[in-house]
Amino acid sequence: MKNDSIVFHGNLQQLLAKVETGEMIPKLQASHAPMCKFFTAYYVISGIRHVVPLVHGPTGCPLYMSDFVRTRECCEIRGVPLEPTACTALDESHVIYGGEGKLLEAVREAYAKYHPDLIVILSCCCSGIIGDDVESIAREAEKLVGCRVLALRSEGFGGDFRSGYEDAFRLILDLMEPPKKTMKGTINILGARWGPTPTEFNWDMDEIERLLGKVKIKINAIIAGGCTVEQITHAREVELNASWCYDWGQKLGDLMQERYGIPYSRTGQPYGPEATKEWILGVATPLGMEKKALAVIEREMREVKPDLAYLKKALAGKTAIIEISEFPGPIRALSLARMAEEFGAHPVVINVHPYTIKERMPSIKFLLETGVNPEIILTKGLFKLGSFRSSKETEDELEEIVRTYDDAIFFGNAGRFPPCPVVNLTLMNPAFQPQYGFRGIKNIAALVRQALENKDLPRSRLFKGMLYGTRTK
Amino acid sequence: MGQGRSKRAAGAETPVPDKCTDPYLRCAFNGAAQTALGVAGSALLAHSPQGCEYLVNNAFASQECDYMETMTLCTKLCVDEIVHGGEDLLARTIREAKDLPISALFVLSACGPEIVGDDIVGVCEDMQPEVKFRLVPVPCAGFRGSQYDGIDIALDEILKRLTKNSKEKMPNSVCLIAPHANANPTWIADLDWVKRILSQMGVRVVATLTHRTPLAEIENVASAETSLVLSHDAGQKAADYLSATWGTEQVCTGIPLPIGMTNTQRWLATLGERFDAQKAAESMVAEGERMVMATCRRKWPMARFFYRTPAAIVADATVGIPLVRFVCEEMEMTPELVALYTSQRTVRTLLERELKELGLTPRVVYGTDVYMTRKSLAEVQPRVVFGSTIERHASEGLGVSYIVEVVKIMRQFRMINREYFGYTGILNLFECVQNEWTMGWRSKERSYEAKW
């Protein structure tokens with residue numbers, strides 16, 4: 001394919017090699033700014049019920065969690081009660097003289113005000129740089145209050161967004177007590193954050209719980225997606241750990257396996273029939289419940305038989321151009337690529353940012369081991385100055401690339417306008433959720449049908465103008 | 001800024017512990033970003049770790065920026081820059097942006113680089129010859145205060161760095177200050193209303209500090225005869241600076257902003273008097289009041305049934321203080337709790353004067369946070385709360401019947417900006433009340449299923 005805008009064209013293995021050698025990491029400082037370590041650590045901790053995440057910093061740091069996650073996502077969408085997003089509100093005098101005294105008082109005050117089951121001190125840039133010893137304060141404070149007090153070094157500058165998740169999960173390990181018994185047929189689901197986040201939606205999790213329920217597999221805790229401290233303390237009593245996505249659960253799963261010998265089911269996201277089967281069996285087989293699981297799978301497969309037949313017929317021989325631009329996480333794109341291939345299409349993943357490959361290295365390697373190695377195209381627009389928003393450059397480049405294929409179908413979201421049918425896999429439309437599991441197959445079949453049957457209907461000039469302006473190239 | 005004092009208006013102050021707060025307000029960095037992003041044809045470079053970019057995004061949305069016109073950049077500081085300093089990286093990032101078609105690049109520093117001593121002013125001076133646009137450094141680390149302090153910091157930098165000397169004053173002209181320090185989520189409509197009525201009075205707006213303000217307007221600020229602060233929470237320092245430096249007279253001081261009939265009438269009359277436009281002001285008041293009454297007569301809002309219902313107001317001072325009279329006088333409720341996000345002396349003076357004039361003695365909480373709000377709601381037990389989505393959840397289990405969401409609204413989406421200022425503003429507030437009242441009547445469950 002000849003196209004001046006293409007900066008990489010190869011497969012996942014080749015892209016990974018370039019990322020590992022540093023050849024494919026964007027040099028533009030000003031481009032692509034995902035969350036900092038503080039945010040992601042905060043996400044994980046906020047997924048524990050009755051916790052006070054106590055931010056040791058100025059009042060700006062809790063903004064996102066306070067305004068959007070707590071009030072909108074948790075209270076409005078998930079039925080979670082209003083939980084505190086407490087803060088020590090450091091000012092100039094604390095920056096000069098230190099904030100440890102205030103922090104100790106703040107922990108006592110937090111306990112008196114909120115009666116939490118757990119307090120987690122989160123350090124941020126300010127407290128990190130001035131050297132406040134949050135761990136010692138946590139130890140001291142724990143003697144003064146009636147709950148556990150832990151500290152998490154989560155300075156925004158201290159690591160990439162992934163390190164925040166991983167450090168928070170590592171901290172959660174400290175809450176797990178030695179097992180008093182084994183909970184037969186019971187698992188933990190690992191890797192959740194406060195949920196729903198862009199990679200973790202209620203509907204997908206509901207489908208996983210539904211399928212596990214059919215096999216009679218019980219869940220002790222979804223860590224940390226609304227679990228209690230009590231559930232975490234018993235987390236070592238399960239027979240197995242699993243995750244809806246290998247990537248998110250991997251760190252905690254590996255740690256629990258190494259330290260406590262609890263096996264971790266390594267499977268990818270349950271997109272499509274094969275991955276869903278693998279996911280269920282990956283959990284059921286180690287629990288000795290394979291037979292029951294196979295019976296459930298057979299029943300569920302019967303239910304979706306017409307959808308599977310349709311998807312095979314509709315996608316056979318097509319080129320599936322896959323882009324997850326809404327949330328630039330590559331794992332969903334790769335899971336979709338696997339599913340498209342299963343239905344007879346040739347997947348081409350477009351514009352998965354090398355930065356996100358770098359941050360998910362172990363998971364990408366795992367997917368490669370399982371045979372997921374799709375064709376990948378990266379374009380110049382991906383590396384353009386500025387933050388990740390709907391970009392005219394990447395839209396133009398996508399349209400150009402699609403034109404070079406005879407029978408393309410686009411898997412992404414309706415914010416793109418390629419000259420081919422568009423399968424609107426946005427995670428922002430509850431009408432077609434979940435995408436995981438067998439119910440996901442029904443929804444994806446419906447979305448593909450919509451795309452193909454309506455491909456000649458006019459697209460919205462209004463939305464295109466809104467997203468990309470009215471200028472022509 | 002002091003925080004955490006609650007008191008009965010007529011009683012003694014009761015200190016409340018405030019080591020652990022759950023704040024409504026964001027940091028200075030966020031306020032400075034809101035201000036910088038109000039300058040048209042500019043871009044913003046956050047000299048910060050990448051997480052602070054979210055404070056910029058929040059500011060971007062608040063100023064209704066268009067991502068096809070306004071770019072935000074970030075130096076994405078990591079451990080290396082915190083240990084060795086980030087000035088080189090800042091210079092490199094400015095170089096990366098050198099081809100942007102902008103008139104100014106605002107460089108905002110966050111907590112990290114300020115603590116380690118990055119000299120953003122020095123870097124901007126060094127880099128200025130290399131770029132075609134103006135570099136405007138704004139040291140505004142989050143720890144410098146609240147978002148309102150950040151607005152004042154950025155306005156100070158903008159005025160000191162960008163305004164030009166002017167001996168000539170433009171007659172009947174005004175500089176509008178801090179329209180964005182307003183918790184109405186669609187405050188831009190408030191600003192539009194102000195501009196409309198000024199135009200009807202023949203008053204020219206020299207510059208708005210800031211909202212879609214071209215650099216050229218900022219340069220001309222000194223030629224404004226008067227200044228008008230559109231917030232009770234921020235902007236006063238800028239007005240004082242203009243007065244001290246350019247002799248700019250501040251108008252409409254010491255009275256609440258124009259929310260509700262009486263406040264609007266008083267505000268318009270004050271403006272009319274200053275700009276010799278009393279007749280225009282009187283006519284606006286007469287026509288506005290007639291329109292509001294006629295509309296209410298035709299639409300018949302049920303909000304009038306709230307006669308002397310105990311109410312709480314939880315908001316910024318800009319919306320909260322004028323709401324006291326609106327709730328008490330126009331809506332005939334009884335404000336029994338007023339909890340304001342801020343606590344400056346000017347805020348206290350203004351609120352206390354209003355309460356005295358109205359003969360009210362509600363519980364007053366200055367510098368409230370979410371915890372103090374919930375505690376106060378539990379103690380005062382109002383039936384109606386004028387506040388935000390946060391109070392809807394914070395008042396669960398406290399017997400509050402109606403939460404009228406007027407600030408920090410997250411349950412509803414407004415495509416069309418709605419003002420609270422002026423006469424249409426009254427109707428917009430009535431609409432908020434009416435919709436909440438309607439929701440209050442909704443049956444929570446069906447008593448039986450239909451047959452079809």
# chains A, B, ... in the order shown; residues from 1 in each chain; ligands from 1
call {"tool": "interface_residues", "arguments": {"of": "chain B", "to": "chain A", "cutoff": "8 Å", "atoms": "only C-alpha atoms", "output": "ChimeraX atom specification"}}
result
/B:17-23,25-30,49-55,67-68,71-79,82,93,96-97,111-112,115-116,142-146,371,389-390,393-394,410-411
call {"tool": "select_by_dssp", "arguments": {"residues": "stretch 54-131 of chain B", "states": "strand (DSSP E)", "output": "MDAnalysis selection string"}}
result
chainID B and resid 72:74 104:109
call {"tool": "residues_around", "arguments": {"residues": "B:Pro137", "least_positions_apart": "4", "cutoff": "6 Å", "atoms": "only C-alpha atoms", "output": "number ranges by chain"}}
result
B: 106-107, 121
call {"tool": "residues_around", "arguments": {"residues": "stretch 201-204 of chain A", "least_positions_apart": "3", "cutoff": "10 Å", "atoms": "only C-alpha atoms", "output": "list of chain:residue names"}}
result
A:Ile77, A:Arg78, A:Ala192, A:Gly195, A:Pro196, A:Thr197, A:Pro198, A:Glu207, A:Ile208, A:Glu209, A:Arg210, A:Gly225, A:Trp244, A:Pro270, A:Leu427, A:Met428, A:Pro430, A:Phe432, A:Gln433, A:Pro434, A:Gln435, A:Tyr436, A:Gly437, A:Arg439, A:Gly440
call {"tool": "write_last_selection", "arguments": {"atoms": "N, CA and C atoms", "output": "PDB file, in the first residue's frame"}}
result
ATOM      1  N   ILE A  77     -24.922   6.974  37.950  1.00  0.00           N
ATOM      2  CA  ILE A  77     -25.037   5.825  37.042  1.00  0.00           C
ATOM      3  C   ILE A  77     -25.039   4.506  37.795  1.00  0.00           C
ATOM      4  N   ARG A  78     -24.176   4.377  38.791  1.00  0.00           N
ATOM      5  CA  ARG A  78     -23.995   3.066  39.404  1.00  0.00           C
ATOM      6  C   ARG A  78     -24.751   2.871  40.719  1.00  0.00           C
ATOM      7  N   ALA A 192     -10.391  -4.575  38.439  1.00  0.00           N
ATOM      8  CA  ALA A 192     -11.400  -3.529  38.246  1.00  0.00           C
ATOM      9  C   ALA A 192     -10.940  -2.248  38.927  1.00  0.00           C
ATOM     10  N   GLY A 195     -15.045   1.382  38.265  1.00  0.00           N
ATOM     11  CA  GLY A 195     -16.004   0.885  37.299  1.00  0.00           C
ATOM     12  C   GLY A 195     -17.347   1.597  37.368  1.00  0.00           C
ATOM     13  N   PRO A 196     -17.967   1.966  36.293  1.00  0.00           N
ATOM     14  CA  PRO A 196     -17.479   1.693  34.970  1.00  0.00           C
ATOM     15  C   PRO A 196     -16.484   2.748  34.487  1.00  0.00           C
ATOM     16  N   THR A 197     -15.374   2.286  34.045  1.00  0.00           N
ATOM     17  CA  THR A 197     -14.441   3.175  33.353  1.00  0.00           C
ATOM     18  C   THR A 197     -14.568   2.840  31.877  1.00  0.00           C
ATOM     19  N   PRO A 198     -13.860   3.560  31.055  1.00  0.00           N
ATOM     20  CA  PRO A 198     -13.955   3.260  29.637  1.00  0.00           C
ATOM     21  C   PRO A 198     -13.603   1.813  29.268  1.00  0.00           C
ATOM     22  N   GLU A 207     -22.562  -9.474  32.317  1.00  0.00           N
ATOM     23  CA  GLU A 207     -22.566 -10.669  31.458  1.00  0.00           C
ATOM     24  C   GLU A 207     -21.616 -11.723  32.024  1.00  0.00           C
ATOM     25  N   ILE A 208     -20.472 -11.272  32.499  1.00  0.00           N
ATOM     26  CA  ILE A 208     -19.513 -12.206  33.098  1.00  0.00           C
ATOM     27  C   ILE A 208     -20.120 -12.853  34.343  1.00  0.00           C
ATOM     28  N   GLU A 209     -20.750 -12.046  35.153  1.00  0.00           N
ATOM     29  CA  GLU A 209     -21.364 -12.589  36.370  1.00  0.00           C
ATOM     30  C   GLU A 209     -22.497 -13.556  36.013  1.00  0.00           C
ATOM     31  N   ARG A 210     -23.254 -13.220  34.971  1.00  0.00           N
ATOM     32  CA  ARG A 210     -24.359 -14.097  34.541  1.00  0.00           C
ATOM     33  C   ARG A 210     -23.815 -15.464  34.132  1.00  0.00           C
ATOM     34  N   GLY A 225     -13.757  -3.132  42.208  1.00  0.00           N
ATOM     35  CA  GLY A 225     -14.935  -2.549  41.570  1.00  0.00           C
ATOM     36  C   GLY A 225     -16.132  -2.621  42.490  1.00  0.00           C
ATOM     37  N   TRP A 244     -11.769 -10.055  33.614  1.00  0.00           N
ATOM     38  CA  TRP A 244     -12.503  -9.986  32.342  1.00  0.00           C
ATOM     39  C   TRP A 244     -11.550  -9.610  31.215  1.00  0.00           C
ATOM     40  N   PRO A 270     -13.498 -11.516  26.560  1.00  0.00           N
ATOM     41  CA  PRO A 270     -14.451 -12.433  25.924  1.00  0.00           C
ATOM     42  C   PRO A 270     -15.262 -11.787  24.803  1.00  0.00           C
ATOM     43  N   LEU A 427     -18.683   2.621  23.167  1.00  0.00           N
ATOM     44  CA  LEU A 427     -19.068   2.141  24.494  1.00  0.00           C
ATOM     45  C   LEU A 427     -20.018   3.132  25.154  1.00  0.00           C
ATOM     46  N   MET A 428     -20.399   4.139  24.389  1.00  0.00           N
ATOM     47  CA  MET A 428     -21.241   5.204  24.931  1.00  0.00           C
ATOM     48  C   MET A 428     -22.722   4.997  24.614  1.00  0.00           C
ATOM     49  N   PRO A 430     -25.653   2.565  25.550  1.00  0.00           N
ATOM     50  CA  PRO A 430     -26.104   1.407  26.344  1.00  0.00           C
ATOM     51  C   PRO A 430     -27.054   0.496  25.582  1.00  0.00           C
ATOM     52  N   PHE A 432     -26.666  -1.074  22.973  1.00  0.00           N
ATOM     53  CA  PHE A 432     -26.003  -2.258  22.410  1.00  0.00           C
ATOM     54  C   PHE A 432     -24.886  -2.761  23.328  1.00  0.00           C
ATOM     55  N   GLN A 433     -25.178  -2.815  24.585  1.00  0.00           N
ATOM     56  CA  GLN A 433     -24.241  -3.367  25.567  1.00  0.00           C
ATOM     57  C   GLN A 433     -24.901  -4.584  26.199  1.00  0.00           C
ATOM     58  N   PRO A 434     -24.168  -5.595  26.593  1.00  0.00           N
ATOM     59  CA  PRO A 434     -22.714  -5.695  26.615  1.00  0.00           C
ATOM     60  C   PRO A 434     -22.145  -6.055  25.240  1.00  0.00           C
ATOM     61  N   GLN A 435     -20.837  -5.953  25.155  1.00  0.00           N
ATOM     62  CA  GLN A 435     -20.137  -6.464  23.973  1.00  0.00           C
ATOM     63  C   GLN A 435     -19.444  -7.785  24.310  1.00  0.00           C
ATOM     64  N   TYR A 436     -19.319  -8.090  25.577  1.00  0.00           N
ATOM     65  CA  TYR A 436     -18.681  -9.333  26.006  1.00  0.00           C
ATOM     66  C   TYR A 436     -19.667 -10.500  25.943  1.00  0.00           C
ATOM     67  N   GLY A 437     -19.133 -11.677  25.865  1.00  0.00           N
ATOM     68  CA  GLY A 437     -19.910 -12.891  26.081  1.00  0.00           C
ATOM     69  C   GLY A 437     -20.923 -13.160  24.989  1.00  0.00           C
ATOM     70  N   ARG A 439     -24.224 -12.559  25.063  1.00  0.00           N
ATOM     71  CA  ARG A 439     -25.110 -11.412  24.805  1.00  0.00           C
ATOM     72  C   ARG A 439     -24.396 -10.378  23.946  1.00  0.00           C
ATOM     73  N   GLY A 440     -23.083 -10.309  24.125  1.00  0.00           N
ATOM     74  CA  GLY A 440     -22.286  -9.403  23.292  1.00  0.00           C
ATOM     75  C   GLY A 440     -22.343  -9.822  21.832  1.00  0.00           C
TER      76      GLY A 440
END
call {"tool": "atom_distance", "arguments": {"atom1": "atom CA of B:Val56", "atom2": "atom CA of B:Ile409"}}
result
19.1 Å
call {"tool": "closest_residue", "arguments": {"among": "A:Ile48, A:Thr285, A:Arg302, A:Val229", "to": "A:Pro273", "atoms": "only C-alpha atoms"}}
result
A:Arg302
call {"tool": "residues_around", "arguments": {"residues": "B:Leu427", "least_positions_apart": "4", "cutoff": "8 Å", "atoms": "only C-alpha atoms", "output": "list in words"}}
result
Val292, Tyr423 and Glu431 of chain B
call {"tool": "write_last_selection", "arguments": {"atoms": "C-alpha atoms", "output": "JSON list (two decimals), in the first residue's frame"}}
result
[["chain", "number", "residue", "atom", "x", "y", "z"],
["B", 292, "VAL", "CA", -41.68, 38.02, 33.65],
["B", 423, "TYR", "CA", -35.33, 38.85, 33.55],
["B", 431, "GLU", "CA", -37.96, 26.50, 35.23]]
call {"tool": "residues_around", "arguments": {"residues": "B:Glu249", "least_positions_apart": "2", "cutoff": "10 Å", "atoms": "only C-alpha atoms", "output": "PyMOL selection string"}}
result
chain B and resi 174-175+224-228+239-240+242-244+246-247+251
call {"tool": "residues_around", "arguments": {"residues": "B:Val314", "least_positions_apart": "2", "cutoff": "7 Å", "atoms": "only C-alpha atoms", "output": "ChimeraX atom specification"}}
result
/B:312,320,338-340,386-387
call {"tool": "write_last_selection", "arguments": {"atoms": "C-alpha atoms", "output": "short mmCIF file (atom, residue, chain, number, x, y, z; two decimals), in the first residue's frame"}}
result
data_model
loop_
_atom_site.label_atom_id
_atom_site.label_comp_id
_atom_site.auth_asym_id
_atom_site.auth_seq_id
_atom_site.Cartn_x
_atom_site.Cartn_y
_atom_site.Cartn_z
CA ALA B 312 -31.00 26.18 51.80
CA GLY B 320 -25.52 32.24 46.15
CA VAL B 338 -26.65 29.75 53.26
CA ALA B 339 -23.46 27.79 52.58
CA LEU B 340 -20.97 29.49 50.30
CA PHE B 386 -30.76 25.35 45.77
CA GLY B 387 -27.42 23.81 44.95
#
call {"tool": "closest_residue", "arguments": {"among": "B:Val406, B:Asp233, B:Glu329, B:Glu130", "to": "B:Arg348", "atoms": "only C-alpha atoms"}}
result
B:Asp233
